[in-house]
file my_file.pdb (PDB, C-alpha atoms)
ATOM      1  CA  MET A  12      39.523  16.332   7.003
ATOM      2  CA  SER A  13      39.731  16.260  10.785
ATOM      3  CA  ASP A  14      43.204  16.822  12.284
ATOM      4  CA  THR A  15      42.357  14.397  15.055
ATOM      5  CA  ASP A  16      41.657  11.492  12.750
ATOM      6  CA  ASP A  17      44.762   9.330  12.488
ATOM      7  CA  ARG A  18      43.233   7.006   9.949
ATOM      8  CA  SER A  19      43.806   7.482   6.263
ATOM      9  CA  PRO A  20      40.965   9.196   4.467
ATOM     10  CA  PRO A  21      38.761   6.820   2.495
ATOM     11  CA  GLU A  22      39.653   6.325  -1.118
ATOM     12  CA  GLU A  23      37.747   9.029  -2.928
ATOM     13  CA  ILE A  24      34.842   8.197  -5.162
ATOM     14  CA  GLY A  25      33.353  10.335  -7.902
ATOM     15  CA  CYS A  26      29.842  11.611  -8.460
ATOM     16  CA  LEU A  27      28.918   8.569 -10.528
ATOM     17  CA  GLU A  28      29.757   6.134  -7.769
ATOM     18  CA  ALA A  29      28.202   8.351  -5.124
ATOM     19  CA  ILE A  30      24.970   8.623  -7.076
ATOM     20  CA  GLU A  31      24.909   4.887  -7.648
ATOM     21  CA  ALA A  32      25.013   4.315  -3.918
ATOM     22  CA  LEU A  33      23.040   7.370  -2.806
ATOM     23  CA  TYR A  34      19.568   5.890  -2.484
ATOM     24  CA  ALA A  35      20.718   2.747  -0.730
ATOM     25  CA  TYR A  36      22.777   4.969   1.576
ATOM     26  CA  LEU A  37      19.821   7.208   2.406
ATOM     27  CA  ASP A  38      17.621   4.170   2.950
ATOM     28  CA  GLY A  39      20.090   2.760   5.474
ATOM     29  CA  GLU A  40      21.026  -0.152   3.232
ATOM     30  CA  VAL A  41      24.755   0.536   2.957
ATOM     31  CA  ARG A  42      26.366  -1.216   5.909
ATOM     32  CA  ASP A  43      29.929  -1.717   4.763
ATOM     33  CA  PRO A  44      32.024   0.771   6.786
ATOM     34  CA  LEU A  45      34.365   1.584   3.906
ATOM     35  CA  SER A  46      31.500   2.280   1.514
ATOM     36  CA  LEU A  47      29.784   4.403   4.148
ATOM     37  CA  ALA A  48      32.948   6.404   4.716
ATOM     38  CA  GLN A  49      33.446   6.936   1.001
ATOM     39  CA  ILE A  50      29.906   8.138   0.421
ATOM     40  CA  GLU A  51      29.917  10.449   3.423
ATOM     41  CA  HIS A  52      33.300  11.828   2.459
ATOM     42  CA  HIS A  53      32.028  12.558  -1.033
ATOM     43  CA  LEU A  54      28.841  14.193   0.220
ATOM     44  CA  GLY A  55      30.950  16.310   2.525
ATOM     45  CA  HIS A  56      32.967  17.636  -0.364
ATOM     46  CA  CYS A  57      30.574  17.762  -3.339
ATOM     47  CA  ARG A  58      27.984  20.491  -3.186
ATOM     48  CA  SER A  59      25.929  19.067  -6.043
ATOM     49  CA  CYS A  60      25.675  15.581  -4.540
ATOM     50  CA  TYR A  61      25.087  17.025  -1.080
ATOM     51  CA  SER A  62      22.170  19.085  -2.434
ATOM     52  CA  ARG A  63      20.798  16.026  -4.159
ATOM     53  CA  ALA A  64      21.035  14.027  -0.945
ATOM     54  CA  GLU A  65      19.250  16.772   0.974
ATOM     55  CA  LEU A  66      16.517  16.843  -1.635
ATOM     56  CA  GLU A  67      16.087  13.111  -1.437
ATOM     57  CA  ARG A  68      15.933  13.183   2.353
ATOM     58  CA  ALA A  69      13.254  15.863   2.216
ATOM     59  CA  LEU A  70      11.290  13.954  -0.412
ATOM     60  CA  THR A  71      11.334  10.872   1.776
ATOM     61  CA  GLN A  72      10.069  12.890   4.736
ATOM     62  CA  HIS A  73       7.230  14.185   2.584
ATOM     63  CA  LEU A  74       6.393  10.694   1.405
ATOM     64  CA  ARG A  75       6.360   9.350   4.967
ATOM     65  CA  LYS A  76       4.023  12.135   6.077
ATOM     66  CA  SER A  77       1.780  11.778   3.051
ATOM     67  CA  VAL A  78      -0.024   8.691   4.222
ATOM     68  CA  ASP A  79      -1.872   8.464   7.489
ATOM     69  CA  ARG A  80      -2.815   4.870   8.022
ATOM     70  CA  ASP A  81      -3.580   3.904  11.565
ATOM     71  CA  VAL A  82      -4.648   0.324  11.960
ATOM     72  CA  PRO A  83      -8.465   0.336  12.199
ATOM     73  CA  GLU A  84      -9.916  -0.598  15.570
ATOM     74  CA  SER A  85     -11.836  -3.385  13.893
ATOM     75  CA  LEU A  86      -8.604  -5.031  12.759
ATOM     76  CA  GLN A  87      -6.970  -4.563  16.147
ATOM     77  CA  VAL A  88      -9.885  -6.322  17.805
ATOM     78  CA  ARG A  89      -9.871  -9.056  15.189
ATOM     79  CA  LEU A  90      -6.158  -9.722  15.636
ATOM     80  CA  ARG A  91      -6.416  -9.705  19.409
ATOM     81  CA  ARG A  92      -9.145 -12.341  19.236
ATOM     82  CA  LEU A  93      -7.161 -14.327  16.705
ATOM     83  CA  LEU A  94      -4.022 -14.262  18.856
ATOM     84  CA  ASP A  95      -5.953 -15.098  22.016
ATOM     85  CA  GLY A  96      -7.471 -18.101  20.301
ATOM     86  CA  LEU A  97      -4.330 -19.567  18.796
ATOM     87  CA  GLY A  98      -4.236 -23.331  18.883
ATOM     88  CA  PRO A  99      -1.046 -25.345  19.186
ATOM     89  CA  ALA A 100       1.760 -24.111  16.926
ATOM     90  CA  GLY A 101       1.287 -25.385  13.423
ATOM     91  CA  THR A 102      -2.486 -25.515  13.609
ATOM     92  CA  PRO A 103      -5.073 -23.003  12.365
TER      93      PRO A 103
ATOM     94  CA  MET B  28       7.687 -21.281  30.352
ATOM     95  CA  THR B  29       7.540 -24.172  27.898
ATOM     96  CA  GLY B  30       8.892 -23.937  24.372
ATOM     97  CA  ARG B  31       5.347 -23.928  23.080
ATOM     98  CA  ASP B  32       4.367 -21.038  25.344
ATOM     99  CA  ASP B  33       7.506 -19.210  24.304
ATOM    100  CA  THR B  34       6.629 -19.606  20.649
ATOM    101  CA  ARG B  35       3.094 -18.395  21.245
ATOM    102  CA  THR B  36       4.315 -15.374  23.190
ATOM    103  CA  PHE B  37       6.900 -14.540  20.574
ATOM    104  CA  PHE B  38       4.353 -14.805  17.773
ATOM    105  CA  ALA B  39       1.736 -12.687  19.493
ATOM    106  CA  THR B  40       4.285 -10.004  20.309
ATOM    107  CA  ALA B  41       5.739 -10.017  16.810
ATOM    108  CA  VAL B  42       2.303  -9.656  15.239
ATOM    109  CA  GLN B  43       1.378  -6.821  17.565
ATOM    110  CA  ASP B  44       4.693  -5.059  16.950
ATOM    111  CA  ASN B  45       4.298  -5.332  13.188
ATOM    112  CA  MET B  46       0.577  -4.748  12.897
ATOM    113  CA  ASN B  47       1.018  -1.297  11.365
ATOM    114  CA  ALA B  48       3.423  -2.560   8.730
ATOM    115  CA  LEU B  49       1.279  -5.585   7.930
ATOM    116  CA  TYR B  50      -1.761  -3.392   7.447
ATOM    117  CA  ALA B  51       0.155  -0.794   5.426
ATOM    118  CA  VAL B  52       1.484  -3.427   3.057
ATOM    119  CA  ALA B  53      -1.900  -5.136   2.847
ATOM    120  CA  LEU B  54      -3.484  -1.822   1.943
ATOM    121  CA  ARG B  55      -0.761  -1.265  -0.625
ATOM    122  CA  LEU B  56      -1.571  -4.635  -2.189
ATOM    123  CA  THR B  57      -5.359  -4.603  -2.020
ATOM    124  CA  ARG B  58      -6.060  -0.834  -2.112
ATOM    125  CA  ASN B  59      -9.160  -1.536  -0.138
ATOM    126  CA  GLY B  60      -9.533  -1.278   3.629
ATOM    127  CA  ALA B  61     -11.842  -4.258   4.105
ATOM    128  CA  ASP B  62      -9.764  -6.501   1.865
ATOM    129  CA  ALA B  63      -6.614  -5.342   3.635
ATOM    130  CA  GLU B  64      -8.040  -6.372   7.004
ATOM    131  CA  ASP B  65      -8.979  -9.773   5.622
ATOM    132  CA  LEU B  66      -5.523 -10.168   4.129
ATOM    133  CA  VAL B  67      -3.786  -9.356   7.401
ATOM    134  CA  ALA B  68      -5.979 -11.766   9.326
ATOM    135  CA  GLU B  69      -5.442 -14.534   6.797
ATOM    136  CA  SER B  70      -1.704 -13.885   6.728
ATOM    137  CA  VAL B  71      -1.418 -14.043  10.509
ATOM    138  CA  THR B  72      -3.403 -17.272  10.585
ATOM    139  CA  ARG B  73      -1.225 -18.829   7.914
ATOM    140  CA  ALA B  74       1.901 -17.576   9.600
ATOM    141  CA  TRP B  75       0.939 -19.347  12.824
ATOM    142  CA  VAL B  76       0.331 -22.565  10.938
ATOM    143  CA  ALA B  77       3.775 -22.217   9.370
ATOM    144  CA  ILE B  78       5.573 -20.920  12.470
ATOM    145  CA  ASP B  79       7.918 -23.903  12.564
ATOM    146  CA  THR B  80       9.360 -22.830   9.202
ATOM    147  CA  LEU B  81      10.622 -19.564  10.671
ATOM    148  CA  GLY B  82      14.249 -20.318  11.382
ATOM    149  CA  ASP B  83      15.742 -17.060  12.613
ATOM    150  CA  ARG B  84      13.203 -15.059  14.576
ATOM    151  CA  THR B  85      14.956 -11.825  13.689
ATOM    152  CA  HIS B  86      13.709 -12.426  10.151
ATOM    153  CA  PHE B  87      10.072 -12.461  11.211
ATOM    154  CA  ARG B  88       9.099  -9.393   9.171
ATOM    155  CA  SER B  89      10.508 -10.610   5.869
ATOM    156  CA  TRP B  90       9.034 -14.039   6.552
ATOM    157  CA  VAL B  91       5.552 -12.787   7.338
ATOM    158  CA  PHE B  92       5.596 -10.345   4.413
ATOM    159  CA  ARG B  93       6.377 -13.262   2.127
ATOM    160  CA  ILE B  94       3.408 -15.142   3.564
ATOM    161  CA  GLN B  95       1.237 -12.068   3.092
ATOM    162  CA  ARG B  96       2.286 -11.777  -0.522
ATOM    163  CA  ASN B  97       1.471 -15.450  -1.101
ATOM    164  CA  CYS B  98      -1.942 -14.977   0.515
ATOM    165  CA  PHE B  99      -2.602 -11.986  -1.702
ATOM    166  CA  ILE B 100      -1.670 -13.851  -4.875
ATOM    167  CA  SER B 101      -3.721 -16.868  -3.815
ATOM    168  CA  GLY B 102      -6.671 -14.550  -3.304
ATOM    169  CA  LEU B 103      -6.215 -13.023  -6.737
ATOM    170  CA  ARG B 104      -6.164 -16.449  -8.308
ATOM    171  CA  ARG B 105      -9.282 -17.500  -6.419
ATOM    172  CA  ARG B 106     -11.251 -14.585  -7.759
ATOM    173  CA  SER B 107     -11.755 -14.250 -11.452
ATOM    174  CA  ALA B 108     -13.169 -10.738 -11.102
ATOM    175  CA  ARG B 109     -10.701  -7.882 -10.746
ATOM    176  CA  PRO B 110     -10.743  -7.035  -7.053
ATOM    177  CA  THR B 111      -8.131  -4.291  -7.057
ATOM    178  CA  GLU B 112      -6.117  -1.921  -9.162
ATOM    179  CA  THR B 113      -3.004  -3.892  -8.314
ATOM    180  CA  SER B 114      -2.101  -6.896 -10.393
ATOM    181  CA  VAL B 115       0.381  -9.649  -9.933
ATOM    182  CA  GLU B 116       1.964  -8.372 -13.101
ATOM    183  CA  ASP B 117       2.563  -5.025 -11.379
ATOM    184  CA  LEU B 118       4.494  -6.827  -8.693
ATOM    185  CA  GLN B 119       6.468  -9.209 -10.819
ATOM    186  CA  THR B 120       7.562  -7.263 -13.888
ATOM    187  CA  ASP B 121      11.314  -6.949 -14.116
ATOM    188  CA  GLU B 122      12.569  -3.810 -15.727
ATOM    189  CA  GLY B 123      15.997  -5.190 -16.589
ATOM    190  CA  GLU B 124      19.199  -3.211 -16.566
ATOM    191  CA  LEU B 125      18.952   0.420 -15.572
ATOM    192  CA  ASP B 126      21.090   3.357 -16.477
ATOM    193  CA  VAL B 127      20.396   5.494 -13.447
ATOM    194  CA  ALA B 128      23.599   7.450 -13.498
ATOM    195  CA  SER B 129      23.014   8.755 -16.998
ATOM    196  CA  LEU B 130      19.512   9.803 -16.028
ATOM    197  CA  LEU B 131      20.802  11.772 -13.085
ATOM    198  CA  LEU B 132      23.715  13.322 -14.852
ATOM    199  CA  ASP B 133      21.323  14.412 -17.545
ATOM    200  CA  GLU B 134      19.465  16.436 -14.958
ATOM    201  CA  PRO B 135      20.180  20.156 -14.980
ATOM    202  CA  ASP B 136      22.117  21.447 -12.029
ATOM    203  CA  ASP B 137      19.868  24.470 -11.712
ATOM    204  CA  PHE B 138      17.227  22.235 -10.189
ATOM    205  CA  LEU B 139      19.637  21.575  -7.372
ATOM    206  CA  ALA B 140      20.502  25.248  -7.183
ATOM    207  CA  TRP B 141      16.804  26.062  -7.031
ATOM    208  CA  TRP B 142      16.361  23.425  -4.392
ATOM    209  CA  ALA B 143      19.193  24.821  -2.293
ATOM    210  CA  ASN B 144      17.562  28.260  -2.272
ATOM    211  CA  PRO B 145      15.937  28.708   1.157
ATOM    212  CA  GLU B 146      12.951  30.423  -0.441
ATOM    213  CA  HIS B 147      12.064  27.197  -2.184
ATOM    214  CA  ARG B 148      12.712  24.713   0.570
ATOM    215  CA  VAL B 149      10.496  21.752   1.419
ATOM    216  CA  GLY B 150       6.961  22.805   2.164
ATOM    217  CA  ASN B 151       6.602  24.829  -0.993
ATOM    218  CA  GLU B 152       3.768  24.205  -3.370
ATOM    219  CA  ILE B 153       5.684  21.861  -5.651
ATOM    220  CA  LEU B 154       6.729  19.362  -3.035
ATOM    221  CA  GLY B 155       3.710  19.950  -0.874
ATOM    222  CA  GLN B 156       0.946  19.578  -3.436
ATOM    223  CA  GLN B 157       2.354  17.742  -6.411
ATOM    224  CA  ILE B 158       4.629  15.122  -4.979
ATOM    225  CA  MET B 159       1.897  12.527  -4.812
ATOM    226  CA  THR B 160       0.840  13.330  -8.345
ATOM    227  CA  ALA B 161       4.391  12.692  -9.457
ATOM    228  CA  ILE B 162       4.673   9.438  -7.603
ATOM    229  CA  HIS B 163       1.372   8.126  -8.882
ATOM    230  CA  GLU B 164       2.576   8.756 -12.415
ATOM    231  CA  LEU B 165       5.581   6.488 -11.918
ATOM    232  CA  PRO B 166       5.457   3.109 -13.664
ATOM    233  CA  ALA B 167       3.826   0.601 -11.319
ATOM    234  CA  VAL B 168       6.942  -1.415 -10.510
ATOM    235  CA  PHE B 169       8.821   1.673  -9.366
ATOM    236  CA  ARG B 170       5.866   3.232  -7.568
ATOM    237  CA  SER B 171       5.195   0.027  -5.612
ATOM    238  CA  THR B 172       8.815  -0.271  -4.558
ATOM    239  CA  VAL B 173       9.246   3.374  -3.571
ATOM    240  CA  MET B 174       6.010   3.319  -1.581
ATOM    241  CA  LEU B 175       6.912   0.123   0.257
ATOM    242  CA  VAL B 176      10.345   1.437   1.224
ATOM    243  CA  ASN B 177       9.867   5.176   1.619
ATOM    244  CA  VAL B 178       6.269   5.329   2.823
ATOM    245  CA  ASP B 179       5.740   2.014   4.570
ATOM    246  CA  GLY B 180       9.273   1.852   5.948
ATOM    247  CA  LEU B 181      10.256  -1.600   4.739
ATOM    248  CA  THR B 182      13.876  -2.584   4.319
ATOM    249  CA  TYR B 183      15.015  -3.691   0.878
ATOM    250  CA  ASP B 184      14.907  -7.324   2.028
ATOM    251  CA  GLU B 185      11.363  -6.899   3.303
ATOM    252  CA  ALA B 186      10.210  -5.145   0.149
ATOM    253  CA  ALA B 187      11.806  -7.936  -1.856
ATOM    254  CA  ALA B 188       9.762 -10.466   0.117
ATOM    255  CA  VAL B 189       6.547  -8.564  -0.621
ATOM    256  CA  LEU B 190       7.350  -8.106  -4.294
ATOM    257  CA  GLY B 191       8.806 -11.552  -4.857
ATOM    258  CA  VAL B 192      12.034 -10.269  -6.361
ATOM    259  CA  PRO B 193      15.687 -10.362  -5.254
ATOM    260  CA  PRO B 194      16.866  -7.532  -2.963
ATOM    261  CA  GLY B 195      19.136  -6.330  -5.768
ATOM    262  CA  THR B 196      16.070  -5.674  -7.887
ATOM    263  CA  VAL B 197      14.567  -3.583  -5.103
ATOM    264  CA  ARG B 198      17.805  -1.621  -4.934
ATOM    265  CA  SER B 199      17.785  -0.930  -8.675
ATOM    266  CA  ARG B 200      14.086  -0.083  -8.665
ATOM    267  CA  MET B 201      14.637   2.359  -5.836
ATOM    268  CA  LYS B 202      17.353   4.139  -7.791
ATOM    269  CA  ARG B 203      15.284   4.266 -10.923
ATOM    270  CA  GLY B 204      12.035   5.173  -9.182
ATOM    271  CA  ARG B 205      13.526   7.943  -7.092
ATOM    272  CA  THR B 206      15.394   9.286 -10.091
ATOM    273  CA  LEU B 207      12.204   9.405 -12.146
ATOM    274  CA  LEU B 208      10.393  11.033  -9.244
ATOM    275  CA  GLN B 209      13.035  13.711  -8.927
ATOM    276  CA  LYS B 210      12.932  14.398 -12.640
ATOM    277  CA  ALA B 211       9.134  14.645 -12.586
ATOM    278  CA  LEU B 212       9.320  17.186  -9.781
ATOM    279  CA  TRP B 213      11.938  19.127 -11.654
ATOM    280  CA  GLN B 214       9.646  19.226 -14.663
ATOM    281  CA  GLN B 215       6.810  20.461 -12.482
ATOM    282  CA  ALA B 216       9.074  23.166 -11.107
ATOM    283  CA  ARG B 217       9.908  24.263 -14.633
ATOM    284  CA  ASP B 218       6.275  24.179 -15.701
ATOM    285  CA  ALA B 219       5.425  26.356 -12.722
ATOM    286  CA  GLY B 220       8.205  28.767 -13.650
ATOM    287  CA  LEU B 221      10.023  28.083 -10.410
ATOM    288  CA  GLY B 222      13.157  26.439 -11.689
ATOM    289  CA  GLY B 223      14.924  29.170 -13.598
ATOM    290  CA  SER B 224      15.490  29.415 -17.319
ATOM    291  CA  ASP B 225      16.117  26.564 -19.728
ATOM    292  CA  GLU B 226      19.434  28.154 -20.686
ATOM    293  CA  ASN B 227      20.975  27.024 -17.423
ATOM    294  CA  ASP B 228      20.715  23.341 -18.146
ATOM    295  CA  GLY B 229      24.121  21.886 -17.425
ATOM    296  CA  ASP B 230      26.067  18.852 -16.342
ATOM    297  CA  THR B 231      26.758  17.547 -12.905
ATOM    298  CA  THR B 232      30.486  17.421 -12.321
TER     299      THR B 232
END
call {"tool": "encode", "arguments": {"input": "my_file.pdb", "output": "structure tokens"}}
result
Amino acid sequence: MSDTDDRSPPEEIGCLEAIEALYAYLDGEVRDPLSLAQIEHHLGHCRSCYSRAELERALTQHLRKSVDRDVPESLQVRLRRLLDGLGPAGTP
Amino acid sequence: MTGRDDTRTFFATAVQDNMNALYAVALRLTRNGADAEDLVAESVTRAWVAIDTLGDRTHFRSWVFRIQRNCFISGLRRRSARPTETSVEDLQTDEGELDVASLLLDEPDDFLAWWANPEHRVGNEILGQQIMTAIHELPAVFRSTVMLVNVDGLTYDEAAAVLGVPPGTVRSRMKRGRTLLQKALWQQARDAGLGGSDENDGDTT
């Protein structure tokens, strides 16, 4: 724990709770500051959960790189025409 | 600029900004490039017709994904022939309560030890060549959710809009799907003789 941090450390959570929240945490879906602090504190102190988190991060990177799907030019042209030809809001 | 012009400008910009995501999700749903293009175009058209129903503009993505899902389902219902490998059932099945923690704690720690070894870091043959095999073997509800979030980059709320389920269901499917994926990779590592001996199976503390 940092000597410069005057705040109390977050209430510790165990592996079960950390694992429960791990995927949402890695996906950026945990926004509550206390929950974030608890998870990060646990990952900073538990080698097993830290390794698991690193694995999951790497898996996500692989998944993101696995699919190359640029929008086809034909669709870009089609959407541009569609947007240029929009009628009044609420009409086709 | 009039309110009408402002709405038109906002809509055009939002569609352009989210074109990649709209196409990615459409391709996920239809699994066919031509159908995906048609779906995006139809969704954008319908979205413009319904633009007055968009309350908070910051929710545009979730809103338009919901419209895209509805367009996709309408299209499925219009066609009696099977147009895709994806079914509405794939998207709507609810897997019920999940015991993710027990699945993970059941996993041997030596997988993590193997993973932590620099010689076996990401880029090795297991993760490089077999990860997609593992993910395609996941049950459809988990595969769809993991792909929408981890490949297509949707938030849980956005994935929920596409799948027609509550965000909490996306959260539970993500836990379950990623857990199953990790276990499948671990099994592949063992099958390839890369994960150490079976005698080291142990508990996470």
call {"tool": "resolve_selection", "arguments": {"input": "my_file.pdb", "expression": "the PyMOL selection byres ((chain A) within 8 of (chain B))", "output": "short mmCIF file (atom, residue, chain, number, x, y, z; two decimals) with C-alpha atoms, in the frame of the given file"}}
result
data_model
loop_
_atom_site.label_atom_id
_atom_site.label_comp_id
_atom_site.auth_asym_id
_atom_site.auth_seq_id
_atom_site.Cartn_x
_atom_site.Cartn_y
_atom_site.Cartn_z
CA CYS A 26 29.84 11.61 -8.46
CA LEU A 27 28.92 8.57 -10.53
CA ILE A 30 24.97 8.62 -7.08
CA GLU A 31 24.91 4.89 -7.65
CA TYR A 34 19.57 5.89 -2.48
CA ALA A 35 20.72 2.75 -0.73
CA ASP A 38 17.62 4.17 2.95
CA GLU A 40 21.03 -0.15 3.23
CA SER A 59 25.93 19.07 -6.04
CA SER A 62 22.17 19.08 -2.43
CA ARG A 63 20.80 16.03 -4.16
CA LEU A 66 16.52 16.84 -1.64
CA ALA A 69 13.25 15.86 2.22
CA LEU A 70 11.29 13.95 -0.41
CA THR A 71 11.33 10.87 1.78
CA HIS A 73 7.23 14.18 2.58
CA LEU A 74 6.39 10.69 1.40
CA ARG A 75 6.36 9.35 4.97
CA LYS A 76 4.02 12.14 6.08
CA SER A 77 1.78 11.78 3.05
CA VAL A 78 -0.02 8.69 4.22
CA ARG A 80 -2.82 4.87 8.02
CA ASP A 81 -3.58 3.90 11.56
CA VAL A 82 -4.65 0.32 11.96
CA LEU A 86 -8.60 -5.03 12.76
CA ARG A 89 -9.87 -9.06 15.19
CA LEU A 90 -6.16 -9.72 15.64
CA LEU A 93 -7.16 -14.33 16.70
CA LEU A 94 -4.02 -14.26 18.86
CA LEU A 97 -4.33 -19.57 18.80
CA PRO A 99 -1.05 -25.34 19.19
CA ALA A 100 1.76 -24.11 16.93
CA GLY A 101 1.29 -25.38 13.42
CA THR A 102 -2.49 -25.52 13.61
CA PRO A 103 -5.07 -23.00 12.36
#
call {"tool": "atom_distance", "arguments": {"input": "my_file.pdb", "atom1": "atom CA of B:Val91", "atom2": "atom CA of B:Gly191"}}
result
12.7 Å
call {"tool": "residues_around", "arguments": {"input": "my_file.pdb", "residues": "B:Thr85", "least_positions_apart": "3", "cutoff": "12 Å", "atoms": "all atoms listed in the file", "output": "list in words"}}
result
Phe37, Phe38, Ala41, Leu81, Gly82, Arg88, Ser89, Trp90 and Val91 of chain B
call {"tool": "atom_distance", "arguments": {"input": "my_file.pdb", "atom1": "atom CA of A:Glu28", "atom2": "atom CA of B:Arg170"}}
result
24.1 Å
call {"tool": "atom_distance", "arguments": {"input": "my_file.pdb", "atom1": "atom CA of A:Ile24", "atom2": "atom CA of A:Asp43"}}
result
14.9 Å
call {"tool": "closest_residue", "arguments": {"input": "my_file.pdb", "among": "A:Gln72, A:Leu33, A:Glu22, A:Glu65", "to": "A:Gln49", "atoms": "all atoms listed in the file"}}
result
A:Glu22
call {"tool": "resolve_selection", "arguments": {"input": "my_file.pdb", "expression": "the PyMOL selection byres ((chain B and resi 97) around 12)", "output": "list in words"}}
result
Ala53, Leu56, Leu66, Val67, Glu69, Ser70, Arg73, Ala74, Trp90, Val91, Phe92, Arg93, Ile94, Gln95, Arg96, Cys98, Phe99, Ile100, Ser101, Gly102, Leu103, Arg104, Val115, Leu118, Ala188, Val189, Leu190 and Gly191 of chain B
call {"tool": "decode", "arguments": {"input": "my_file.pdb", "residues": "stretch 14-68 of chain A", "atoms": "C-alpha atoms", "output": "short mmCIF file (atom, residue, chain, number, x, y, z; two decimals), in the first residue's frame"}}
result
data_model
loop_
_atom_site.label_atom_id
_atom_site.label_comp_id
_atom_site.auth_asym_id
_atom_site.auth_seq_id
_atom_site.Cartn_x
_atom_site.Cartn_y
_atom_site.Cartn_z
CA ASP A 14 2.70 5.50 2.04
CA THR A 15 1.38 8.63 0.39
CA ASP A 16 -2.21 7.48 0.32
CA ASP A 17 -4.04 8.90 3.32
CA ARG A 18 -7.25 7.10 2.53
CA SER A 19 -8.10 3.81 4.14
CA PRO A 20 -7.41 0.80 1.96
CA PRO A 21 -10.53 -0.66 0.36
CA GLU A 22 -12.22 -3.44 2.23
CA GLU A 23 -10.54 -6.57 0.97
CA ILE A 24 -12.38 -9.03 -1.20
CA GLY A 25 -11.52 -12.66 -1.81
CA CYS A 26 -10.85 -14.58 -4.99
CA LEU A 27 -14.50 -15.53 -5.35
CA GLU A 28 -15.68 -11.94 -5.38
CA ALA A 29 -12.80 -10.85 -7.57
CA ILE A 30 -13.54 -13.55 -10.11
CA GLU A 31 -17.22 -12.68 -10.08
CA ALA A 32 -16.39 -9.13 -11.06
CA LEU A 33 -13.33 -9.82 -13.20
CA TYR A 34 -14.89 -9.92 -16.65
CA ALA A 35 -17.06 -6.88 -16.11
CA TYR A 36 -13.98 -5.11 -14.74
CA LEU A 37 -11.86 -6.00 -17.77
CA ASP A 38 -14.68 -4.98 -20.09
CA GLY A 39 -14.85 -1.55 -18.47
CA GLU A 40 -18.29 -2.20 -17.00
CA VAL A 41 -17.42 -1.69 -13.33
CA ARG A 42 -17.83 2.02 -12.66
CA ASP A 43 -18.40 2.15 -8.93
CA PRO A 44 -15.17 3.59 -7.44
CA LEU A 45 -15.26 1.36 -4.37
CA SER A 46 -15.73 -1.80 -6.42
CA LEU A 47 -12.96 -0.72 -8.77
CA ALA A 48 -10.62 -0.10 -5.86
CA GLN A 49 -11.43 -3.46 -4.31
CA ILE A 50 -10.84 -5.38 -7.52
CA GLU A 51 -7.60 -3.58 -8.31
CA HIS A 52 -6.38 -4.04 -4.77
CA HIS A 53 -7.08 -7.75 -4.98
CA LEU A 54 -5.39 -8.11 -8.36
CA GLY A 55 -2.40 -6.29 -6.95
CA HIS A 56 -2.04 -8.80 -4.17
CA CYS A 57 -3.22 -12.13 -5.62
CA ARG A 58 -0.86 -13.72 -8.09
CA SER A 59 -3.40 -16.28 -9.27
CA CYS A 60 -6.11 -13.71 -10.02
CA TYR A 61 -3.56 -11.34 -11.53
CA SER A 62 -2.40 -14.10 -13.90
CA ARG A 63 -5.98 -14.86 -14.79
CA ALA A 64 -6.65 -11.19 -15.52
CA GLU A 65 -3.57 -11.00 -17.72
CA LEU A 66 -4.69 -14.08 -19.59
CA GLU A 67 -8.11 -12.63 -20.14
CA ARG A 68 -6.68 -9.33 -21.36
#
